[in-house]
>>> print(open('start-v5.txt').read())   # compact mmCIF, C-alpha atoms
# COMPACT_ATOMS: atom_id res chain seq x y z
CA MET Q 923 144.83 108.92 181.07
CA GLY Q 924 143.77 105.67 179.61
CA ILE Q 925 143.22 105.01 175.94
CA LEU Q 926 139.77 103.74 175.10
CA ALA Q 927 139.80 101.08 172.45
CA ARG Q 928 136.92 101.38 170.07
CA VAL Q 929 135.60 98.11 168.70
CA THR Q 930 133.97 98.24 165.26
CA LYS Q 931 130.99 95.95 164.99
CA THR Q 932 130.58 93.88 161.83
CA TYR Q 933 127.16 93.18 160.36
CA THR Q 934 126.11 90.37 158.08
CA ARG Q 935 124.66 91.07 154.66
CA GLN Q 936 121.12 90.45 155.85
CA GLU Q 937 121.60 92.70 158.88
CA ALA Q 938 123.07 95.49 156.74
CA ASP Q 939 120.17 95.25 154.29
CA GLU Q 940 117.64 95.37 157.13
CA ILE Q 941 119.37 98.33 158.80
CA LEU Q 942 119.42 100.29 155.53
CA ARG Q 943 115.78 99.41 154.84
CA ARG Q 944 114.68 100.62 158.27
CA ALA Q 945 116.82 103.76 158.00
CA LEU Q 946 115.26 104.62 154.65
CA ALA Q 947 111.77 103.87 155.99
CA ALA Q 948 112.38 106.23 158.91
CA GLN Q 949 113.28 109.09 156.60
CA PRO Q 950 110.53 111.58 155.69
CA ALA Q 951 108.77 111.03 152.42
CA SER Q 952 110.67 112.40 149.44
CA ASP Q 953 110.98 111.92 145.71
CA GLY Q 954 113.85 109.47 146.19
CA ILE Q 955 117.64 109.48 146.11
CA SER Q 956 119.53 110.88 143.17
CA HIS Q 957 122.02 108.70 141.34
CA ASP Q 958 124.96 110.87 142.35
CA ASP Q 959 123.97 110.71 146.04
CA LEU Q 960 123.64 106.94 145.79
CA VAL Q 961 127.10 106.61 144.21
CA ALA Q 962 128.60 108.90 146.88
CA ALA Q 963 127.00 106.90 149.70
CA ALA Q 964 128.24 103.63 148.24
CA ARG Q 965 131.73 105.06 147.90
CA GLU Q 966 131.69 105.99 151.58
CA VAL Q 967 131.16 102.34 152.58
CA GLY Q 968 133.80 101.03 150.17
CA ILE Q 969 131.59 99.98 147.22
CA PRO Q 970 133.23 100.90 143.89
CA THR Q 971 131.40 103.18 141.50
CA SER Q 972 131.53 100.59 138.71
CA ALA Q 973 129.60 98.12 140.88
CA VAL Q 974 126.90 100.71 141.57
CA GLU Q 975 126.64 101.60 137.88
CA ALA Q 976 126.37 97.93 136.88
CA ALA Q 977 123.72 97.31 139.56
CA ALA Q 978 121.72 100.36 138.40
CA VAL Q 979 121.78 99.14 134.79
CA GLU Q 980 120.74 95.64 135.88
CA LEU Q 981 117.89 97.04 137.97
CA SER Q 982 116.71 99.17 135.05
CA ASP Q 983 116.77 96.14 132.75
CA ASP Q 984 114.85 94.04 135.28
CA GLN Q 985 112.22 96.76 135.69
CA ARG Q 986 111.82 97.11 131.94
CA LEU Q 987 111.55 93.34 131.59
CA SER Q 988 108.92 93.15 134.34
CA GLU Q 989 106.91 96.00 132.80
CA ARG Q 990 106.94 94.27 129.41
CA ALA Q 991 105.84 90.98 131.02
CA ASP Q 992 102.90 92.78 132.68
CA HIS Q 993 102.02 94.35 129.35
CA ILE Q 994 102.02 90.92 127.68
CA ARG Q 995 99.73 89.58 130.42
CA ARG Q 996 97.25 92.44 129.93
CA ARG Q 997 97.41 91.95 126.18
CA ARG Q 998 96.62 88.25 126.52
CA ARG Q 999 93.70 88.93 128.85
CA SER Q 1000 92.27 91.43 126.40
CA ALA Q 1001 92.62 88.88 123.59
CA PHE Q 1002 90.83 86.25 125.70
CA LEU Q 1003 87.96 88.62 126.50
CA ARG Q 1004 87.53 89.40 122.80
CA HIS Q 1005 87.53 85.68 122.04
CA LEU Q 1006 84.94 85.09 124.77
CA LEU Q 1007 82.71 87.83 123.38
CA ILE Q 1008 82.91 86.34 119.89
CA TYR Q 1009 82.12 82.90 121.36
CA LEU Q 1010 79.00 84.17 123.11
CA VAL Q 1011 77.71 86.15 120.13
CA VAL Q 1012 78.28 83.40 117.56
CA ASN Q 1013 76.86 80.61 119.69
CA GLY Q 1014 73.88 82.78 120.63
CA GLY Q 1015 73.18 83.22 116.93
CA ILE Q 1016 73.59 79.50 116.33
CA PHE Q 1017 71.08 78.79 119.11
CA LEU Q 1018 68.50 81.17 117.64
CA VAL Q 1019 68.88 79.62 114.20
CA ASP Q 1020 68.61 76.10 115.62
CA ARG Q 1021 65.54 76.98 117.64
CA GLY Q 1022 63.79 78.60 114.69
CA ASP Q 1023 64.56 75.64 112.47
CA GLY Q 1024 62.10 73.42 114.31
CA GLY Q 1025 64.16 70.25 113.98
CA ALA Q 1026 66.44 68.43 116.37
CA TYR Q 1027 68.71 70.63 118.38
CA TRP Q 1028 72.37 70.65 117.28
CA PHE Q 1029 73.66 73.98 118.65
CA GLN Q 1030 75.22 72.17 121.62
CA TYR Q 1031 77.93 70.56 119.48
CA PRO Q 1032 79.75 73.75 118.41
CA LEU Q 1033 78.98 75.19 121.85
CA VAL Q 1034 80.76 72.37 123.69
CA ILE Q 1035 83.66 71.89 121.26
CA TRP Q 1036 84.41 75.60 121.01
CA GLY Q 1037 83.93 75.99 124.76
CA VAL Q 1038 86.55 73.33 125.55
CA ILE Q 1039 89.02 75.06 123.23
CA LEU Q 1040 88.22 78.40 124.86
CA VAL Q 1041 88.82 77.00 128.35
CA VAL Q 1042 92.22 75.59 127.35
CA ILE Q 1043 93.21 78.93 125.82
CA GLY Q 1044 91.90 80.83 128.84
CA ILE Q 1045 94.04 78.82 131.25
CA GLY Q 1046 97.18 79.91 129.42
CA GLN Q 1047 96.09 83.54 128.98
CA LEU Q 1048 94.46 84.24 132.35
CA ALA Q 1049 96.99 82.36 134.50
CA PRO Q 1050 100.24 82.37 132.54
CA ASP Q 1051 103.54 81.12 133.90
CA ARG Q 1052 105.72 84.00 135.09
CA ARG Q 1053 108.89 82.53 133.62
CA SER Q 1054 107.31 82.10 130.21
CA LEU Q 1055 106.12 85.70 130.34
CA LEU Q 1056 109.64 86.90 131.17
CA ARG Q 1057 111.12 84.86 128.32
CA ARG Q 1058 108.56 86.28 125.92
CA ALA Q 1059 109.24 89.80 127.19
CA GLU Q 1060 112.99 89.29 126.79
CA ARG Q 1061 112.53 88.13 123.19
CA GLU Q 1062 110.40 91.16 122.38
CA LEU Q 1063 112.90 93.56 123.94
CA ASP Q 1064 115.79 91.92 122.07
CA LYS Q 1065 113.85 92.23 118.83
CA GLU Q 1066 113.19 95.92 119.52
CA ARG Q 1067 116.88 96.52 120.31
CA ARG Q 1068 117.97 94.87 117.06
CA ARG Q 1069 115.41 96.93 115.14
CA ALA Q 1070 116.67 100.12 116.79
CA GLN Q 1071 120.28 99.19 115.95
CA ARG Q 1072 119.34 98.59 112.32
CA ARG Q 1073 117.60 101.97 112.16
CA SER Q 1074 120.63 103.64 113.74
CA SER Q 1075 123.02 101.94 111.30
CA SER Q 1076 120.82 102.90 108.37
CA ALA Q 1077 120.68 106.52 109.55
CA ALA Q 1078 124.47 106.56 109.96
CA ARG Q 1079 124.94 105.19 106.44
CA LYS Q 1080 122.58 107.79 105.00
CA GLU Q 1081 124.37 110.55 106.87
CA GLY Q 1082 127.72 109.29 105.58
CA ALA Q 1083 126.38 109.18 102.04
CA LYS Q 1084 125.14 112.77 102.36
CA GLU Q 1085 128.53 113.92 103.65
CA PHE Q 1086 130.30 112.12 100.80
CA GLU Q 1087 127.95 113.66 98.24
CA ALA Q 1088 128.53 117.11 99.72
CA ALA Q 1089 132.31 116.56 99.59
CA VAL Q 1090 132.10 115.47 95.95
CA GLN Q 1091 129.99 118.48 95.05
CA GLU Q 1092 132.44 120.77 96.83
CA GLY Q 1093 135.36 119.18 94.96
CA VAL Q 1094 133.61 119.53 91.61
CA SER Q 1095 132.81 123.15 92.38
CA SER Q 1096 136.47 123.81 93.22
CA LEU Q 1097 137.61 122.19 89.97
CA LEU Q 1098 135.11 124.22 87.95
CA SER Q 1099 136.28 127.41 89.68
CA VAL Q 1100 139.92 126.64 88.83
CA ALA Q 1101 138.95 125.86 85.23
CA ALA Q 1102 136.99 129.10 84.95
CA ARG Q 1103 139.93 131.15 86.26
CA THR Q 1104 142.27 129.42 83.79
CA ILE Q 1105 139.93 130.17 80.87
CA ARG Q 1106 139.65 133.81 81.91
CA GLY Q 1107 143.47 134.01 81.99
CA LEU Q 1108 143.69 132.64 78.46
CA HIS Q 1109 141.15 135.19 77.21
CA ALA Q 1110 143.24 137.96 78.77
CA ASP Q 1111 146.20 136.96 76.47
CA GLY Q 1112 143.93 136.58 73.43
CA GLY Q 1113 145.74 139.36 71.43
CA ARG Q 1114 148.60 136.98 70.62
CA TYR Q 1115 148.47 134.69 67.63
CA ARG Q 1116 151.01 132.73 65.55
CA VAL Q 1117 151.75 133.33 61.89
CA ASN Q 1118 152.70 130.26 59.87
CA GLU Q 1119 155.69 130.21 57.51
CA ASP Q 1120 153.55 130.37 54.32
CA GLU Q 1121 152.01 133.66 55.36
CA ALA Q 1122 155.46 135.04 56.22
CA GLU Q 1123 156.87 134.04 52.80
CA ASN Q 1124 153.85 135.51 50.99
CA GLY Q 1125 154.40 138.81 52.70
CA ALA Q 1126 151.40 138.69 54.98
CA ALA Q 1127 151.66 141.36 57.61
CA PRO Q 1128 151.13 139.83 60.99
CA ALA Q 1129 149.72 141.92 63.77
CA ALA Q 1130 151.93 142.71 66.71
CA ALA Q 1131 151.57 140.03 69.32
CA GLY Q 1132 153.86 140.97 72.10
CA PRO Q 1133 157.63 140.86 72.68
CA ALA Q 1134 157.99 137.20 71.71
CA ALA Q 1135 156.44 137.76 68.26
CA ALA Q 1136 158.60 140.85 67.69
CA ARG Q 1137 161.81 138.93 68.45
CA SER Q 1138 160.69 136.16 66.08
CA ARG Q 1139 160.15 138.68 63.26
CA ARG Q 1140 163.58 140.31 63.81
CA GLN Q 1141 165.27 136.90 63.65
CA ARG Q 1142 163.49 136.10 60.35
CA ASP Q 1143 164.52 139.48 58.91
>>> encode(input="start-v5.txt", output="structure tokens")
Amino acid sequence: MGILARVTKTYTRQEADEILRRALAAQPASDGISHDDLVAAAREVGIPTSAVEAAAVELSDDQRLSERADHIRRRRRSAFLRHLLIYLVVNGGIFLVDRGDGGAYWFQYPLVIWGVILVVIGIGQLAPDRRSLLRRAERELDKERRRAQRRSSSAARKEGAKEFEAAVQEGVSSLLSVAARTIRGLHADGGRYRVNEDEAENGAAPAAAGPAAARSRRQRD
């Protein structure tokens, strides 16, 4: 019985990408592939998990950057439309004033000068360069990350200060409790008192103050 040799075909990167794209397109519509399934599939073809994780993070950052760039474009278009509305309203008012004045017309000067400025601004806001938008979006995201880090550090410092204050209060409470127990112990032995030598010589009768005072009186006698 002969042994059949199986030859493994090797695909280029472009061919592998196209095969995977067509295979995914042929699958029925679904909500997508979970991250764990994607990592498992990559592991099956020899791609390390760390590479998949790094690629997923990079893709997420690129998507967030692209979304912020689109938001900046919409924001600039809205600003241009507001500027255009102000231009039309103001110059319409200037025209009505100039017409009612009865003299030589002069409304065209602010109309032309302002219009040229508006056109220059509109070129940059309606047809912005994609790379400049991405740079602007990256700066905004970096600023937001630094602001979030500062808020996190401030919250951590406040939490640490609260924990330190609570520890100090607990320590003070423990010291006060020990002091209170010591004072109560002294009050419990309050029947004892010392008699000085002058009172003993003058015949003052000291009150009994325990075994120690009794021994002292016997020694003096």
>>> atom_distance(input="start-v5.txt", atom1="atom CA of Asp939 of chain Q", atom2="atom CA of Ala977 of chain Q")
15.3 Å
>>> closest_atom_pairs(input="start-v5.txt", of="segment 1015-1070 of chain Q", to="segment 996-1004 of chain Q", cutoff="9 Å", atoms="all atoms listed in the file", output="tab-separated table")
residue	atom	partner	partner_atom	distance
Q:Leu1040	CA	Q:Phe1002	CA	8.3
Q:Ile1043	CA	Q:Phe1002	CA	7.7
Q:Gly1044	CA	Q:Phe1002	CA	6.4
Q:Gly1046	CA	Q:Arg998	CA	8.8
Q:Gln1047	CA	Q:Arg998	CA	5.3
Q:Leu1048	CA	Q:Arg999	CA	5.9
>>> residues_around(input="start-v5.txt", residues="Tyr1009 of chain Q", least_positions_apart="3", cutoff="8 Å", atoms="all atoms listed in the file", output="PyMOL selection string")
chain Q and resi 1005-1006+1012-1013+1036-1037
>>> axis_aligned_box(input="start-v5.txt", around="segment 988-995 of chain Q", padding_each_side="4 Å", output="JSON")
{"center_x": 104.3, "center_y": 92.8, "center_z": 131.0, "size_x": 17.2, "size_y": 14.4, "size_z": 14.7}
>>> atom_distance(input="start-v5.txt", atom1="atom CA of Val1042 of chain Q", atom2="atom CA of Lys1065 of chain Q")
28.6 Å
>>> atom_distance(input="start-v5.txt", atom1="atom CA of Asp959 of chain Q", atom2="atom CA of Arg935 of chain Q")
21.5 Å
>>> residues_around(input="start-v5.txt", residues="Gln985 of chain Q", least_positions_apart="6", cutoff="12 Å", atoms="all atoms listed in the file", output="ChimeraX atom specification")
/Q:978-979,991-992,1056,1059-1060
